[in-house]
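The next block holds one structure in the form of structure tokens; read it before the comments.
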Number of protein chains: 6
Amino acid sequence: MFRTRVAGETELGLIEHRHARELFALIEANRAYLRPWMNWVDQRRNQVEVANYIANCMKQFALGQGFYMALWHANKLGGMINLSPIDGISRATPIEYWLAENLQGKGIMTASCRAAMDFAFDTLGLHRLTVRCAVENKRSRAVAERLGFSFEGISRDAEWLHDHFVSHAVYGFLRGDKKPVTSP
Amino acid sequence: MFRTRVAGETELGLIEHRHARELFALIEANRAYLRPWMNWVDQRRNQVEVANYIANCMKQFALGQGFYMALWHANKLGGMINLSPIDGISRATPIEYWLAENLQGKGIMTASCRAAMDFAFDTLGLHRLTVRCAVENKRSRAVAERLGFSFEGISRDAEWLHDHFVSHAVYGFLRGDKKPVTSP
Amino acid sequence: MFRTRVAGETELGLIEHRHARELFALIEANRAYLRPWMNWVDQRRNQVEVANYIANCMKQFALGQGFYMALWHANKLGGMINLSPIDGISRATPIEYWLAENLQGKGIMTASCRAAMDFAFDTLGLHRLTVRCAVENKRSRAVAERLGFSFEGISRDAEWLHDHFVSHAVYGFLRGDKKPVTSP
Amino acid sequence: MFRTRVAGETELGLIEHRHARELFALIEANRAYLRPWMNWVDQRRNQVEVANYIANCMKQFALGQGFYMALWHANKLGGMINLSPIDGISRATPIEYWLAENLQGKGIMTASCRAAMDFAFDTLGLHRLTVRCAVENKRSRAVAERLGFSFEGISRDAEWLHDHFVSHAVYGFLRGDKKPVTSP
Amino acid sequence: MFRTRVAGETELGLIEHRHARELFALIEANRAYLRPWMNWVDQRRNQVEVANYIANCMKQFALGQGFYMALWHANKLGGMINLSPIDGISRATPIEYWLAENLQGKGIMTASCRAAMDFAFDTLGLHRLTVRCAVENKRSRAVAERLGFSFEGISRDAEWLHDHFVSHAVYGFLRGDKKPVTSP
Amino acid sequence: MFRTRVAGETELGLIEHRHARELFALIEANRAYLRPWMNWVDQRRNQVEVANYIANCMKQFALGQGFYMALWHANKLGGMINLSPIDGISRATPIEYWLAENLQGKGIMTASCRAAMDFAFDTLGLHRLTVRCAVENKRSRAVAERLGFSFEGISRDAEWLHDHFVSHAVYGFLRGDKKPVTSP
């Protein structure tokens, strides 16, 4: 209940307390896969840390400052898409996404982000979405480009990733920007 | 997005900040209709009070202590169904519901409560639901009875309703209780 | 100081931080005796948990939402009587009570609850008191009945007690209800 | 209930939310009388300010940092005696007191402070009480001296009283200090 | 006291509660001058709003999440330089600055930002500073360029400025980047 | 930056989070030296406790209730001078100070307190400073007397110092009191 079907077996829904066990298991199973580009992996090392993370997501949601979505595929948790922090004045938000290794290559993340973008523009009434990811994170950049985001520049050394700095590729998408045609 | 279709044009979804204006308009339009049995009507007199009410709903949700659902019909807000306060130890919660006057008599509330009950038992894993309403509130009692709730007793003078006490009829429904067959 | 003599050597007074040690010792001494009907016993396993419990009682008191009384007999802590949560709108509150094993059978709890009831009606200005206890908890039900509470129904499976559900017998007493005559 | 008889018709009890109306009326009736020595009089100008003051007293009490007692005479509120802020490490607290004009000259405050001192030493286990009042506040100093407090010095310009500084006479009383004999 | 001399009569120091009156007067005097590029001008319309702003600055400072500096010239408040929000993991912070109209054109802001940059790198140990300002805000961009910041891209429609969106020019400066030589 | 030069190599500046390590090391190195007169030494036993202490200092500062200054000598942390709690109504504050053993006997504390006093009177606009220290703490009393504080009395048994009570010598200094002439 309270999930939105994105395409085929893929759904999005708010992350909630009751997903803590499944989210921890998913991170645990994908830890090595996610770690090269996700600095938060080392801050969610056990179920307590994951439960605290979810509690914080829900608190930000309750404050109207974020929207944290679990991505479900075939009824199993498979990743997350977060809109946070939402700037209510300038009607803008970063969008962040990650997907389990075994779901890669099927167009799941692209379709899901498209749904999240519609939600951000049509339901939340936002004006601008930003994607930031490491310059060398090709997979993540490919998603942004497939979604029609425009490249807007490089933020040098913007993130400390475990043991070194990485520069961020910055992309923006405005309400009304043209979405690429998708082949079915 | 993030609504669950209950039946026909009826959907349920979490109440959120962005619904404040529509919720206030709905209460305003149904104030005279709701007031005889709803003591909260006089505490949501303007948009600020309604916004504060929603903020509190979302806070309780974020704490895992309540689930506050807006009922949508033909894409317009038409009522609410709340599970609150949720007792995580005894896995029980009261269920409260109200519906706009113009949607009465169409089976909308019964179908929606049935969906909320499924959500409470199957998704939240609860064990017991309680309905409490004024003994003389025939419409509300009829909903509970149609849903298969068992009458469990009368709480005398349990609620101060504007200017007098009313006694509550108390109903319970346990996971596994038999649901009445519905005619389509 | 600040205790009210109930009868003979029995007194009631607000529970405070400084009682933590004595309250823990009392619970410890009565753990096996209380456990069959008190699900909170397993949440007050050490002095820190008991101190946190008292801190929470005092916080609720400070918010005007509860009144947590220690029962003293011959100057020793012997049980508690709590009015909580107090509903200021409907002027109602549950009343909960428990007594050490060695004080049973002397009319201490009945006399003390009678004093607490007078306090609730005359001092706090409440209108309704509710007692809820497990259907099979004969001793607790006997107290309610001796106090003149009316039986109002059964809440099926209302409480998770360690490892199984128990149904609650529900009793109510309204301001002005007749109190049974007590033989001295 | 929960008051302690001090002497004759005089009692002490914790101040609570429900006393707000009576406390405000008492301050209002004694405003001109109290104002020359009490700088708080101008911060409790209406019932909301008095209710907030009581809420703060109860909060400090719940935190174990203060004890705020209403003084009752012939069942009517007549003044206050506060132990605050309580220093739990050094087991010391200031004691403050004020009494309505119409109760002056009857030994009520002296008897009540004596009871509060016993409470502080015997029940709270404190070691030292301090009285501070304006050097020219003869009535207040007389109470301290009658209670057996020792004069310990003058704090120059220690308090801003409406429109000028006043110096404080400082008195101390230690557990075990000799209490003056009282004539009945 | 607690100010650092930047150059000549120019000093920097933490903003504090006691500056509220002077800060409000400065904003008031420069409201028309600042408003075209500063969206916060309409949120600091009176002394209460300015006092709340300072309280929030100090709270963020106390949490280690920001550093809010008043700029003093000839002992009079003349602008602000803020480092906020500070990202302790990636050791990065935006730097924001504004200066009163009558102090423009004297190199005051450039010298002050240079001092703030030294503070950020040498004292706070940060690694990256970001400047974001409206593309058309020539004066602000000139400061960033004079300070040696590198242009990193354009964030389209990144800010709602009173009644329209403006795009941001984004600049970065890393610890170790070359600072332009200054002519005296 | 943001330090004020007191004299020679001695400076004062707000204590901040980033000083936790150095403050802990200083306390550790002077633990035996400080312990006879400082009861807080046993509450700052490790870096976490020291970090919490600093967090609390900054929080009080942010609330306008205290000013906590680190004393630097030759660029190394050497002690602290605190103004806390500041009474904004009566414009008064206690002043507390302590200095590392290796910096004693050089006039450093006297000069630094003099600077802190100027700050309290001229910048914060206070009217009265109080020094309280154990009667037998000759070194601390000598500082107060050298600064021109007037002896105002003895508070008997005012402080629990590890395992016994000590009486406090109380000193006051009012804005406008005569400062002793200092020989260079």
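In the structure tokens, each chain is lettered A, B, ... as it comes, each chain's residues begin at 1, and ligands are numbered from 1 in order of appearance.
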| said: List the spatial neighbours of segment 156-161 of chain D as a VMD selection string - criterion: any atom at most 9 Å away, only C-alpha atoms, same-chain residues fewer than 5 positions off excluded. | reply: (chain D and resid 36 to 39 134 166 to 169) or (chain F and resid 89 to 92 127 to 128 152 172 to 174)
| task | From segment 35-140 of chain A, collect each residue whose DSSP state is alpha helix (DSSP H) and return the set as a ChimeraX atom specification. | result | /A:47-62,108-118,138-140
| query | Skipping near chain neighbours, those fewer than 4 positions away, what residues fall within 9 Å of segment 12-14 of chain D using only C-alpha atoms, listed as number ranges by chain? | reply | C: 1-2; D: 1-6, 58, 67-73, 80-81, 112, 115-116
| request: Could you give me, as an NGL selection string, each residue of segment 9-176 of chain C that DSSP assigns to strand (DSSP E or B) when run on this structure's backbone? | output: :C and (10-14 or 67-73 or 76-83 or 87 or 92-99 or 128-134 or 150-161 or 164-174)
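As for atom CA of His19 of chain E and atom CA of Ala7 of chain F, they are spaced 26.7 Å apart.
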| task | Write out as a ChimeraX atom specification the residues lying within 10 Å of Phe149 of chain E, counting only C-alpha atoms and excluding same-chain residues fewer than 2 positions away. | result | /E:129-131,141-147,151-152,170-174,177-180
| field | Nearest candidate to chain E (options A:Asn137, A:Thr93, A:Ser155, A:Gln104; using only C-alpha atoms) | value | A:Ser155
| query | Leaving out Arg21 of chain D and any residue of its chain fewer than 5 positions from it, which residues lie within 9 Å of it when counting only C-alpha atoms, given as a list in words? | reply |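 Contacts, in chain order: Leu26, Gln47, Val50 and Ala51 of chain D.
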| Residue among D:Cys133, D:Leu23, D:Ala111, D:Ala120 lying closest to Glu11 of chain D, counting only C-alpha atoms |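 Residue with the minimum atom-to-atom distance to Glu11 of chain D: D:Ala111.
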| Which distance in Å separates atom CA of Asp42 of chain E and atom CA of Gly105 of chain E, to one decimal? | 25.3 Å
